[in-house]
>>> print(open('coords_12.txt').read())   # compact mmCIF, C-alpha atoms
# COMPACT_ATOMS: atom_id res chain seq x y z
CA MET A 20 -10.65 -10.62 7.04
CA LEU A 21 -9.20 -12.12 3.86
CA LYS A 22 -12.01 -13.08 1.51
CA LYS A 23 -11.53 -14.92 -1.78
CA THR A 24 -12.14 -12.71 -4.80
CA SER A 25 -14.97 -13.92 -7.02
CA ARG A 26 -14.63 -14.07 -10.79
CA ARG A 27 -17.29 -11.38 -11.07
CA THR A 28 -15.27 -9.10 -8.79
CA PHE A 29 -12.11 -9.83 -10.73
CA LEU A 30 -13.70 -8.95 -14.06
CA LYS A 31 -14.94 -5.71 -12.56
CA ARG A 32 -11.44 -4.97 -11.25
CA THR A 33 -9.91 -5.69 -14.64
CA ALA A 34 -12.21 -3.16 -16.23
CA MET A 35 -11.29 -0.64 -13.54
CA ALA A 36 -7.59 -1.22 -14.17
CA ALA A 37 -7.98 0.09 -17.72
CA ALA A 38 -9.15 3.49 -16.44
CA PRO A 39 -5.74 5.24 -16.44
CA LEU A 40 -5.22 4.24 -20.08
CA LEU A 41 -8.58 5.76 -20.96
CA ILE A 42 -7.70 8.87 -18.98
CA LEU A 43 -4.41 9.26 -20.84
CA SER A 44 -6.18 9.03 -24.16
CA GLY A 45 -8.80 11.56 -23.11
CA GLN A 46 -11.68 9.09 -22.85
CA THR A 47 -13.26 9.71 -19.43
CA ARG A 48 -16.74 9.33 -18.09
CA GLY A 49 -18.83 12.29 -17.03
CA GLU A 50 -17.34 14.18 -14.13
CA LYS A 51 -19.33 14.86 -10.97
CA LYS A 52 -18.59 18.22 -9.41
CA ARG A 53 -18.02 17.81 -5.65
CA SER A 54 -17.33 21.41 -4.66
CA SER A 55 -15.96 24.65 -6.00
CA ALA A 56 -12.46 24.34 -7.43
CA HIS A 57 -11.63 27.43 -5.35
CA ASP A 58 -12.42 25.70 -2.05
CA ARG A 59 -9.50 24.55 0.02
CA LEU A 60 -9.37 20.95 1.17
CA ASN A 61 -8.78 20.06 4.79
CA ILE A 62 -5.94 17.56 4.60
CA ALA A 63 -4.44 15.31 7.27
CA CYS A 64 -0.89 14.00 6.78
CA VAL A 65 0.07 10.62 8.27
CA GLY A 66 3.77 9.75 8.25
CA LEU A 67 6.13 12.72 8.22
CA GLY A 68 9.60 11.26 7.87
CA GLY A 69 11.37 11.64 4.53
CA ILE A 70 8.92 11.77 1.61
CA GLY A 71 6.00 12.56 3.94
CA THR A 72 7.49 15.91 4.90
CA GLY A 73 8.00 16.77 1.24
CA ASN A 74 4.49 15.68 0.33
CA ALA A 75 2.99 17.86 3.05
CA GLY A 76 4.86 20.82 1.63
CA ARG A 77 3.53 20.13 -1.86
CA LEU A 78 -0.01 20.18 -0.50
CA GLU A 79 0.34 23.52 1.30
CA SER A 80 -2.02 25.27 -1.11
CA GLU A 81 -4.73 23.54 0.92
CA ASN A 82 -5.50 23.55 4.64
CA ILE A 83 -3.19 21.15 6.48
CA VAL A 84 -5.41 20.63 9.51
CA ALA A 85 -3.82 17.57 11.13
CA LEU A 86 -0.37 15.99 11.34
CA CYS A 87 0.20 12.45 12.57
CA ASP A 88 3.37 10.46 13.18
CA VAL A 89 4.23 7.81 15.75
CA ASP A 90 7.54 9.67 16.28
CA THR A 91 7.09 13.25 17.43
CA ASN A 92 10.65 14.08 16.38
CA GLN A 93 9.77 13.26 12.77
CA MET A 94 6.71 15.48 13.00
CA ALA A 95 8.58 18.51 14.36
CA LYS A 96 9.60 20.07 11.04
CA SER A 97 6.08 19.87 9.60
CA ALA A 98 4.56 21.05 12.90
CA LYS A 99 6.65 24.20 12.64
CA ARG A 100 5.64 24.72 9.01
CA PHE A 101 1.92 24.17 9.74
CA PRO A 102 1.41 25.65 13.24
CA LYS A 103 -2.39 25.54 13.03
CA ALA A 104 -2.48 21.77 12.46
CA THR A 105 -3.54 19.49 15.31
CA LEU A 106 -0.87 16.93 16.20
CA TYR A 107 -1.45 13.21 16.76
CA GLN A 108 0.56 10.03 17.18
CA ASP A 109 -2.30 7.58 16.55
CA PHE A 110 -4.06 7.90 13.17
CA ARG A 111 -7.13 6.10 14.55
CA ILE A 112 -7.66 8.76 17.20
CA MET A 113 -7.13 11.46 14.59
CA LEU A 114 -9.73 10.03 12.21
CA ASP A 115 -12.28 9.47 14.95
CA LYS A 116 -11.78 12.80 16.71
CA GLN A 117 -11.20 15.35 13.96
CA LYS A 118 -14.34 15.58 11.85
CA ASP A 119 -13.24 18.37 9.50
CA ILE A 120 -10.79 16.19 7.52
CA ASP A 121 -11.62 15.87 3.80
CA ALA A 122 -8.56 13.97 2.61
CA VAL A 123 -5.55 12.08 3.95
CA MET A 124 -1.96 11.88 2.69
CA ILE A 125 -0.21 8.67 3.82
CA ALA A 126 3.57 8.22 3.82
CA THR A 127 4.17 5.70 6.60
CA PRO A 128 6.48 2.67 6.26
CA ASP A 129 5.05 0.11 3.82
CA HIS A 130 3.67 -2.27 6.44
CA ASN A 131 1.19 0.36 7.67
CA HIS A 132 -0.04 1.62 4.28
CA ALA A 133 -3.05 -0.67 4.03
CA VAL A 134 -4.41 -0.22 7.56
CA VAL A 135 -4.22 3.58 7.46
CA THR A 136 -5.60 3.75 3.92
CA MET A 137 -8.51 1.46 4.69
CA ALA A 138 -9.40 3.36 7.87
CA ALA A 139 -9.44 6.65 5.98
CA MET A 140 -11.55 5.34 3.09
CA GLN A 141 -14.05 3.72 5.46
CA ARG A 142 -14.63 7.18 6.92
CA GLY A 143 -15.20 8.68 3.49
CA LYS A 144 -11.84 10.45 3.19
CA HIS A 145 -10.02 10.88 -0.10
CA VAL A 146 -6.58 9.27 0.01
CA TYR A 147 -3.13 9.91 -1.42
CA CYS A 148 -0.88 6.97 -0.44
CA GLU A 149 2.80 6.61 -1.24
CA LYS A 150 4.08 3.63 -3.21
CA PRO A 151 3.93 0.72 -2.93
CA LEU A 152 0.22 0.90 -2.20
CA THR A 153 0.49 -1.99 0.25
CA HIS A 154 2.94 -4.40 1.85
CA SER A 155 1.36 -7.56 0.40
CA VAL A 156 -0.32 -8.71 -2.80
CA ARG A 157 -3.58 -9.57 -1.04
CA GLU A 158 -3.74 -6.15 0.62
CA ALA A 159 -3.39 -4.48 -2.78
CA ARG A 160 -6.42 -6.34 -4.09
CA MET A 161 -8.46 -5.47 -1.00
CA ILE A 162 -7.55 -1.78 -1.05
CA ALA A 163 -8.40 -1.43 -4.76
CA GLU A 164 -11.79 -3.04 -4.20
CA ALA A 165 -12.44 -0.89 -1.12
CA ALA A 166 -11.68 2.31 -3.04
CA ALA A 167 -14.40 1.39 -5.54
CA LYS A 168 -16.80 0.51 -2.73
CA TYR A 169 -16.38 3.76 -0.80
CA GLY A 170 -16.27 6.00 -3.88
CA VAL A 171 -13.44 8.24 -2.68
CA VAL A 172 -10.79 9.93 -4.82
CA THR A 173 -7.46 8.09 -4.67
CA GLN A 174 -3.93 8.49 -5.94
CA MET A 175 -0.79 6.42 -5.34
CA GLY A 176 2.46 8.35 -5.04
CA ILE A 177 4.10 7.54 -8.37
CA GLN A 178 4.90 11.11 -9.30
CA GLY A 179 6.31 10.17 -12.71
CA HIS A 180 2.82 9.20 -13.87
CA ALA A 181 2.15 12.91 -14.33
CA HIS A 182 5.40 13.57 -16.21
CA GLU A 183 5.63 14.58 -19.84
CA SER A 184 7.96 11.62 -20.39
CA LEU A 185 5.19 9.06 -19.81
CA ARG A 186 3.00 10.68 -22.42
CA LEU A 187 5.86 10.83 -24.93
CA LEU A 188 6.72 7.19 -24.27
CA CYS A 189 3.11 6.14 -24.89
CA GLU A 190 2.75 8.27 -28.01
CA TRP A 191 5.98 6.98 -29.50
CA ILE A 192 5.41 3.30 -28.73
CA TRP A 193 1.80 3.45 -29.90
CA ASP A 194 3.06 5.19 -33.06
CA GLY A 195 5.34 2.21 -33.76
CA ALA A 196 8.57 4.16 -33.21
CA ILE A 197 10.51 0.98 -32.34
CA GLY A 198 8.11 -1.61 -33.74
CA ASP A 199 6.62 -4.31 -31.52
CA VAL A 200 8.07 -4.17 -28.01
CA HIS A 201 8.75 -7.73 -26.85
CA GLU A 202 11.31 -7.18 -24.08
CA VAL A 203 12.04 -4.59 -21.38
CA HIS A 204 15.00 -4.39 -18.99
CA ALA A 205 14.49 -2.24 -15.87
CA TRP A 206 16.84 -1.57 -12.96
CA THR A 207 17.64 0.46 -9.88
CA PRO A 208 20.83 0.73 -7.78
CA HIS A 209 18.65 0.40 -4.67
CA PRO A 210 18.79 -0.86 -1.99
CA VAL A 211 20.83 2.02 -0.63
CA TRP A 212 20.08 0.80 2.90
CA PRO A 213 21.25 -2.40 4.66
CA GLN A 214 19.88 -5.70 3.30
CA GLY A 215 21.13 -9.26 3.47
CA ILE A 216 21.62 -8.92 7.23
CA ASP A 217 20.24 -10.71 10.28
CA ARG A 218 18.12 -9.40 13.13
CA PRO A 219 20.10 -7.42 15.74
CA ALA A 220 20.58 -9.16 19.08
CA ASP A 221 20.76 -6.14 21.39
CA THR A 222 17.70 -4.25 22.65
CA PRO A 223 18.41 -0.55 23.15
CA PRO A 224 15.76 1.61 24.85
CA VAL A 225 12.91 3.07 22.82
CA PRO A 226 13.36 6.82 22.22
CA GLU A 227 10.99 8.97 24.26
CA SER A 228 9.63 10.53 21.09
CA LEU A 229 8.53 7.18 19.62
CA ASP A 230 5.44 5.03 20.23
CA TRP A 231 7.04 1.73 19.18
CA ASP A 232 3.84 -0.33 19.46
CA LEU A 233 2.07 2.02 17.05
CA TRP A 234 5.08 1.98 14.71
CA LEU A 235 4.81 -1.83 14.53
CA GLY A 236 1.11 -1.62 13.72
CA PRO A 237 -0.04 -4.95 12.21
CA ALA A 238 3.51 -6.35 11.95
CA PRO A 239 4.76 -9.05 14.37
CA SER A 240 6.11 -7.79 17.68
CA ARG A 241 9.85 -7.35 18.13
CA PRO A 242 12.04 -5.09 20.28
CA TYR A 243 12.86 -1.62 19.03
CA HIS A 244 16.19 -1.08 17.33
CA PRO A 245 17.59 1.84 15.30
CA TRP A 246 18.23 -0.66 12.49
CA TYR A 247 14.47 -0.42 11.80
CA HIS A 248 13.58 3.18 12.52
CA PRO A 249 14.04 5.78 11.29
CA ARG A 250 14.50 5.36 7.51
CA VAL A 251 16.12 1.91 7.40
CA TRP A 252 12.97 -0.24 7.54
CA ARG A 253 12.72 -0.85 3.78
CA GLY A 254 15.05 -3.85 3.76
CA TRP A 255 13.23 -5.78 6.50
CA ILE A 256 10.65 -8.28 5.25
CA ASP A 257 8.23 -7.50 8.10
CA PHE A 258 8.20 -3.78 7.34
CA GLY A 259 9.36 -2.95 3.80
CA THR A 260 9.33 -4.36 0.29
CA GLY A 261 12.99 -3.99 -0.65
CA GLY A 262 14.46 -2.30 -3.69
CA LEU A 263 11.77 -3.78 -5.94
CA GLY A 264 8.91 -2.39 -3.85
CA ASP A 265 10.65 0.95 -3.44
CA MET A 266 11.48 1.72 -7.07
CA GLY A 267 9.52 -0.92 -8.99
CA CYS A 268 6.24 0.97 -8.77
CA HIS A 269 7.89 4.04 -10.31
CA ILE A 270 9.67 2.25 -13.14
CA PHE A 271 7.00 -0.39 -13.85
CA ASP A 272 4.39 2.39 -14.03
CA HIS A 273 5.69 3.57 -17.39
CA ILE A 274 6.07 0.02 -18.68
CA VAL A 275 2.57 -1.06 -17.63
CA THR A 276 0.91 2.05 -19.07
CA ALA A 277 2.80 2.27 -22.37
CA LEU A 278 2.52 -1.46 -23.09
CA LYS A 279 -0.99 -1.86 -21.61
CA LEU A 280 0.04 -4.74 -19.38
CA GLY A 281 -2.33 -6.84 -17.32
CA PRO A 282 -1.18 -9.40 -14.76
CA PRO A 283 1.89 -11.56 -15.51
CA GLU A 284 1.66 -15.26 -16.29
CA THR A 285 4.89 -16.28 -14.57
CA VAL A 286 7.47 -14.71 -12.28
CA GLU A 287 10.87 -16.06 -11.17
CA ALA A 288 13.75 -14.57 -9.21
CA SER A 289 17.38 -15.13 -8.36
CA ALA A 290 19.34 -13.27 -5.72
CA SER A 291 22.63 -12.79 -3.92
CA LEU A 292 23.24 -15.24 -1.08
CA PHE A 293 22.85 -14.36 2.56
CA VAL A 294 25.51 -16.11 4.64
CA ARG A 295 25.72 -16.08 8.41
CA PRO A 296 29.35 -16.32 9.58
CA GLY A 297 30.25 -19.97 10.15
CA ALA A 298 26.86 -21.24 8.98
CA GLY A 299 26.35 -24.26 6.79
CA ARG A 300 24.56 -24.25 3.45
CA GLU A 301 21.19 -24.87 5.13
CA LYS A 302 21.51 -21.48 6.85
CA TRP A 303 22.01 -19.44 3.70
CA LYS A 304 18.36 -18.50 3.35
CA ASN A 305 17.52 -15.22 5.10
CA THR A 306 13.99 -14.75 6.42
CA GLU A 307 14.65 -11.33 7.97
CA THR A 308 15.74 -9.08 5.11
CA TYR A 309 15.65 -8.93 1.34
CA PRO A 310 18.89 -9.77 -0.52
CA GLN A 311 21.60 -7.30 -1.44
CA ALA A 312 20.84 -7.78 -5.15
CA GLU A 313 18.38 -9.69 -7.31
CA ILE A 314 17.11 -10.35 -10.82
CA VAL A 315 13.38 -10.93 -11.36
CA THR A 316 11.90 -12.11 -14.66
CA TYR A 317 8.23 -11.58 -15.53
CA HIS A 318 6.42 -13.02 -18.55
CA PHE A 319 3.22 -11.33 -19.77
CA PRO A 320 0.83 -12.71 -22.39
CA ALA A 321 0.00 -11.04 -25.69
CA ARG A 322 -2.51 -8.19 -25.51
CA GLU A 323 -4.52 -6.57 -28.28
CA GLY A 324 -1.94 -4.90 -30.50
CA PHE A 325 1.01 -6.10 -28.42
CA PRO A 326 3.07 -9.32 -28.49
CA PRO A 327 4.04 -11.34 -25.39
CA LEU A 328 6.50 -9.47 -23.19
CA LYS A 329 9.53 -10.51 -21.16
CA LEU A 330 10.32 -8.00 -18.41
CA MET A 331 13.57 -8.32 -16.46
CA TRP A 332 14.22 -6.42 -13.23
CA TYR A 333 17.70 -5.84 -11.75
CA ASP A 334 18.60 -4.16 -8.45
CA GLY A 335 21.39 -3.78 -5.91
CA GLY A 336 23.90 -2.68 -8.54
CA LEU A 337 23.12 -5.37 -11.10
CA MET A 338 22.26 -4.05 -14.56
CA PRO A 339 21.41 -5.40 -18.00
CA PRO A 340 24.14 -5.47 -20.67
CA ARG A 341 24.83 -2.08 -22.17
CA PRO A 342 22.97 -1.76 -25.52
CA GLU A 343 25.30 -1.71 -28.47
CA GLU A 344 23.24 1.18 -29.85
CA LEU A 345 24.19 3.43 -26.92
CA GLU A 346 27.11 5.70 -27.79
CA ASP A 347 30.28 5.68 -25.71
CA GLY A 348 30.15 8.19 -22.89
CA ARG A 349 26.36 8.19 -22.59
CA ARG A 350 24.96 7.02 -19.29
CA MET A 351 22.37 4.28 -18.89
CA GLY A 352 19.52 5.63 -16.79
CA ASP A 353 20.09 7.91 -13.80
CA ASP A 354 20.91 7.79 -10.09
CA CYS A 355 17.72 5.82 -9.35
CA GLY A 356 17.71 3.49 -12.35
CA GLY A 357 16.16 3.25 -15.79
CA ALA A 358 14.62 1.03 -18.45
CA ILE A 359 15.40 -0.20 -21.95
CA TYR A 360 12.47 -1.00 -24.26
CA VAL A 361 13.44 -3.51 -26.96
CA GLY A 362 11.34 -3.47 -30.12
CA THR A 363 11.55 -5.14 -33.50
CA LYS A 364 12.72 -1.86 -35.05
CA GLY A 365 14.85 -0.31 -32.31
CA LYS A 366 15.23 0.58 -28.64
CA ILE A 367 14.12 3.32 -26.26
CA LEU A 368 16.10 4.29 -23.15
CA THR A 369 14.50 6.07 -20.17
CA GLY A 370 15.50 7.21 -16.70
CA SER A 371 14.03 5.85 -13.48
CA HIS A 372 10.91 8.02 -13.25
CA GLY A 373 11.05 8.94 -16.91
CA ALA A 374 11.91 12.44 -15.72
CA ASN A 375 15.37 12.40 -17.27
CA GLY A 376 14.17 11.93 -20.79
CA VAL A 377 12.84 9.32 -23.18
CA ARG A 378 15.18 8.75 -26.08
CA ILE A 379 15.39 6.39 -29.02
CA ILE A 380 18.95 5.08 -29.28
CA PRO A 381 21.27 5.75 -30.95
CA GLU A 382 20.74 9.53 -30.97
CA GLU A 383 20.99 9.50 -34.76
CA LYS A 384 17.72 7.53 -34.92
CA MET A 385 16.15 9.86 -32.37
CA GLN A 386 16.91 12.82 -34.60
CA GLU A 387 15.53 11.02 -37.66
CA TYR A 388 12.27 10.06 -35.95
CA ARG A 389 9.31 12.20 -36.88
CA GLN A 390 7.41 12.46 -33.65
CA PRO A 391 3.61 12.06 -33.74
CA PRO A 392 1.26 14.82 -32.53
CA LYS A 393 0.87 15.18 -28.76
CA THR A 394 -2.56 13.64 -28.39
CA LEU A 395 -2.59 12.71 -24.70
CA PRO A 396 -3.75 15.19 -22.04
CA ARG A 397 -1.01 16.83 -19.99
CA VAL A 398 -1.27 17.59 -16.26
CA GLU A 399 0.51 20.13 -14.08
CA ASN A 400 1.73 17.66 -11.45
CA HIS A 401 0.73 14.59 -9.47
CA TYR A 402 -0.33 16.48 -6.33
CA ILE A 403 -2.41 19.17 -8.01
CA GLU A 404 -4.11 16.46 -10.06
CA TRP A 405 -5.22 14.72 -6.85
CA ILE A 406 -6.30 17.97 -5.18
CA GLU A 407 -8.42 19.01 -8.16
CA ALA A 408 -9.92 15.52 -8.41
CA CYS A 409 -10.97 15.69 -4.75
CA LYS A 410 -12.71 18.99 -5.42
CA THR A 411 -14.31 18.30 -8.79
CA GLY A 412 -14.60 14.53 -9.21
CA LYS A 413 -12.21 14.47 -12.16
CA PRO A 414 -10.25 11.20 -12.49
CA THR A 415 -6.70 10.98 -11.19
CA GLY A 416 -3.89 9.42 -13.19
CA ALA A 417 -2.96 6.75 -10.63
CA PRO A 418 -6.15 5.80 -8.76
CA PHE A 419 -6.16 2.65 -6.67
CA SER A 420 -8.03 0.86 -9.48
CA TYR A 421 -4.73 1.16 -11.36
CA ALA A 422 -2.29 1.28 -8.45
CA GLY A 423 -3.67 -1.91 -6.89
CA PRO A 424 -2.97 -4.16 -9.92
CA LEU A 425 0.38 -2.39 -10.48
CA THR A 426 1.38 -3.07 -6.86
CA GLU A 427 0.29 -6.70 -7.19
CA THR A 428 2.58 -7.16 -10.18
CA VAL A 429 5.56 -5.55 -8.48
CA LEU A 430 5.16 -7.46 -5.21
CA LEU A 431 4.81 -10.79 -7.00
CA GLY A 432 8.55 -10.46 -7.59
CA ASN A 433 9.09 -10.63 -3.83
CA VAL A 434 6.77 -13.64 -3.61
CA ALA A 435 8.83 -15.47 -6.25
CA LEU A 436 12.02 -14.49 -4.46
CA ARG A 437 10.86 -15.87 -1.12
CA CYS A 438 9.37 -18.97 -2.69
CA GLY A 439 12.54 -19.82 -4.60
CA GLU A 440 10.62 -21.19 -7.60
CA LYS A 441 9.18 -19.97 -10.86
CA ILE A 442 5.59 -19.17 -9.95
CA ARG A 443 2.55 -19.36 -12.21
CA TRP A 444 0.03 -16.65 -11.41
CA ASP A 445 -3.76 -17.00 -11.50
CA SER A 446 -4.80 -13.40 -11.03
CA ALA A 447 -8.54 -14.07 -11.25
CA ASN A 448 -8.37 -16.31 -8.20
CA LEU A 449 -5.48 -14.48 -6.49
CA ARG A 450 -3.32 -17.55 -6.17
CA VAL A 451 -0.12 -19.21 -7.34
CA THR A 452 -1.06 -22.46 -9.05
CA ASN A 453 2.19 -24.40 -8.75
CA CYS A 454 3.65 -23.57 -5.32
CA ASP A 455 1.62 -23.70 -2.12
CA THR A 456 4.45 -22.04 -0.21
CA ALA A 457 4.21 -19.01 -2.47
CA ASN A 458 0.55 -18.56 -1.56
CA THR A 459 1.52 -18.06 2.09
CA PHE A 460 3.54 -15.01 1.01
CA LEU A 461 0.58 -13.31 -0.70
CA GLN A 462 -0.69 -12.08 2.64
CA ARG A 463 0.38 -11.94 6.28
CA GLU A 464 -1.20 -12.57 9.62
CA TYR A 465 -1.94 -9.32 11.40
CA ARG A 466 -0.92 -8.81 14.99
CA GLU A 467 -3.78 -9.03 17.49
CA GLY A 468 -5.80 -5.83 17.53
CA TRP A 469 -5.17 -4.98 13.86
CA THR A 470 -7.34 -5.73 10.87
CA LEU A 471 -8.46 -4.37 7.53
>>> encode(input="coords_12.txt", output="C-alpha cells")
Amino acid sequence: MLKKTSRRTFLKRTAMAAAPLLILSGQTRGEKKRSSAHDRLNIACVGLGGIGTGNAGRLESENIVALCDVDTNQMAKSAKRFPKATLYQDFRIMLDKQKDIDAVMIATPDHNHAVVTMAAMQRGKHVYCEKPLTHSVREARMIAEAAAKYGVVTQMGIQGHAHESLRLLCEWIWDGAIGDVHEVHAWTPHPVWPQGIDRPADTPPVPESLDWDLWLGPAPSRPYHPWYHPRVWRGWIDFGTGGLGDMGCHIFDHIVTALKLGPPETVEASASLFVRPGAGREKWKNTETYPQAEIVTYHFPAREGFPPLKLMWYDGGLMPPRPEELEDGRRMGDDCGGAIYVGTKGKILTGSHGANGVRIIPEEKMQEYRQPPKTLPRVENHYIEWIEACKTGKPTGAPFSYAGPLTETVLLGNVALRCGEKIRWDSANLRVTNCDTANTFLQREYREGWTL
C-alpha cells in the first residue's frame, strides 16, 4: 500500500509542483477541450457538514446529482436544496452505483480525504477536495502522484488562491517592493475547538442518523462520542490535523507561491503542555489531541532569485511581535490570522486568506510605492475555475500537483511536534533523516478493510 517514491518519480513531482507558478505567470501548455463550456457537470458532493454545505451551494450552476454523508442529519439541508439528487451514506456505493457522475466535491473530516479522493480518481472522476488534501504526509505524496496517473482535473479547497491579493503579493514581491524576503511570520487564533484534552471515558449511544463505522473510515476504532462528531474532530490526532492543518494550507499557500518555495530542510516545534490532573511529568505528553497552542519553525534553502527563508508559524492565540512599522490602532491580520513578510527593504502585512488586503507597512510606504503592472491572469473564483477546467481541460490554480507538496510542508509541522525534535527532511526519499520516530508519523496504519 505504501510504496517508496523513486528519485525519478520525485523529480517528476517537483516539475509538476511548479505548474501553479507557471499558470500564474500565464505560461501554460496547450489546453485539451473536454466538452462544451456550456455543458453542465454532474457533480456528487461527499461530506455536507459545515464547509461542504457551502461548497455544494457554490456549485449549483451545475447538476448536483448525488449527495453523500455518513450522517443523514448533516445531509438534510443540502437534500432540501437539491431535491433531485440521489442520497447516500457510503461513498463507495455511490461511486459504484451512480454512473452519471463527472466530478466529486469532498469535504469530509481530514482522516477520510485520501480514501474518498483516491476512490473517485480511480473511477475517472474530477475531484475538488477541501484542505488539507490529506491527513498524513505520505498520503499527500500518493494522492498527488495518483492525480497525474489518472489524468483527472483536481483542485484543493484553498479559496484564497484565486483571490486578487495573491496576485498582488506575487507581483509586488517579484518587483522587489520589500527587497529580498528572508523571513515570514504566519499565525492563526485557531484552534477554536477543544485541544489539549484526553479521550472521553463515557460511551453515549450513536445517533440514529449516523453510521459511526463509516465515519471512522480508515482511522482506528473507538466508541462514538459527541466530542468527535459533529464539527469538533479537528483537534483529535486520529481524525484532524489541528490548527496548523486547518489554516496552514490557506496561509502557507500565499507564502509558497509568492516565494516559490520547495520542500523545507528542517522543521521544529514547541507547544503548550498537556497535563492530566494529578499526573507526573512523564504523563505530560498527549497522544490524543494536538496542543492548545504551538510555534513551528521551518527553514527553506535558497531558490533561484530568493535567499534562504525562515518561516515561523504561531497558533492558539500566540502571535509574533507587533512590527514597529505598524501604526497604533491598526490590526495585525484578521479573525483567522495573517502573515508578515520581512524583506531587506521593508515589510508586507496580509490577512489570513489574503482576502483582507496586502499592504506594505507603514501605510506611508504603501502610498509611496509605485505598483507594477498587473501581469498575472485573474480568475473569477476558485469554484468556477475548477468547473471550467473540468469542462475544457484548462489548468486549475491549486491542482494536486501543487496541493500535495503544499500539504506535505504543512503537515511536517505536526510530525515535528509529535516527534519532539528538530527534524531534517529528505523530500526526495520521503523520510526524516535524523529521527526514526518521526518517520512513523509520516503515515498511519489503516483499519482493516480500508486502503488507498
>>> residues_around(input="coords_12.txt", residues="Val172 (chain A)", least_positions_apart="6", cutoff="7 Å", atoms="all atoms listed in the file", output="ChimeraX atom specification")
/A:145-146,408-409
>>> residues_near_point(input="coords_12.txt", point="(11.9, 6.4, -35.9)", cutoff="12 Å", atoms="only C-alpha atoms", output="list in words")
Trp191, Ile192, Asp194, Gly195, Ala196, Ile197, Gly198, Gly362, Thr363, Lys364, Gly365, Lys366, Ile367, Arg378, Ile379, Ile380, Pro381, Glu382, Glu383, Lys384, Met385, Gln386, Glu387, Tyr388, Arg389, Gln390 and Pro391 of chain A
>>> closest_residue(input="coords_12.txt", among="A:Leu430, A:Leu188, A:Leu330, A:Val134", to="Val377 (chain A)", atoms="only C-alpha atoms")
A:Leu188
>>> atom_distance(input="coords_12.txt", atom1="CA of Ala312 (chain A)", atom2="CA of Leu368 (chain A)")
22.2 Å
>>> atom_distance(input="coords_12.txt", atom1="CA of Lys329 (chain A)", atom2="CA of Glu202 (chain A)")
4.8 Å
>>> residues_around(input="coords_12.txt", residues="region 271-287 of chain A", least_positions_apart="5", cutoff="9 Å", atoms="all atoms listed in the file", output="ChimeraX atom specification")
/A:33,36-37,39-40,177,179-180,184-186,188-190,192-193,200,203,205,266,314-323,325,328,358,360,372-373,422,424-425,427-429,431-432,434-436,439-446
>>> residues_around(input="coords_12.txt", residues="Gln141 (chain A)", least_positions_apart="5", cutoff="10 Å", atoms="only C-alpha atoms", output="PyMOL selection string")
chain A and resi 136+165-166+168-171
>>> atom_distance(input="coords_12.txt", atom1="CA of Ala181 (chain A)", atom2="CA of Ala139 (chain A)")
24.2 Å
>>> closest_residue(input="coords_12.txt", among="A:Asn305, A:Thr459, A:Thr369, A:Ser240", to="His204 (chain A)", atoms="only C-alpha atoms")
A:Thr369
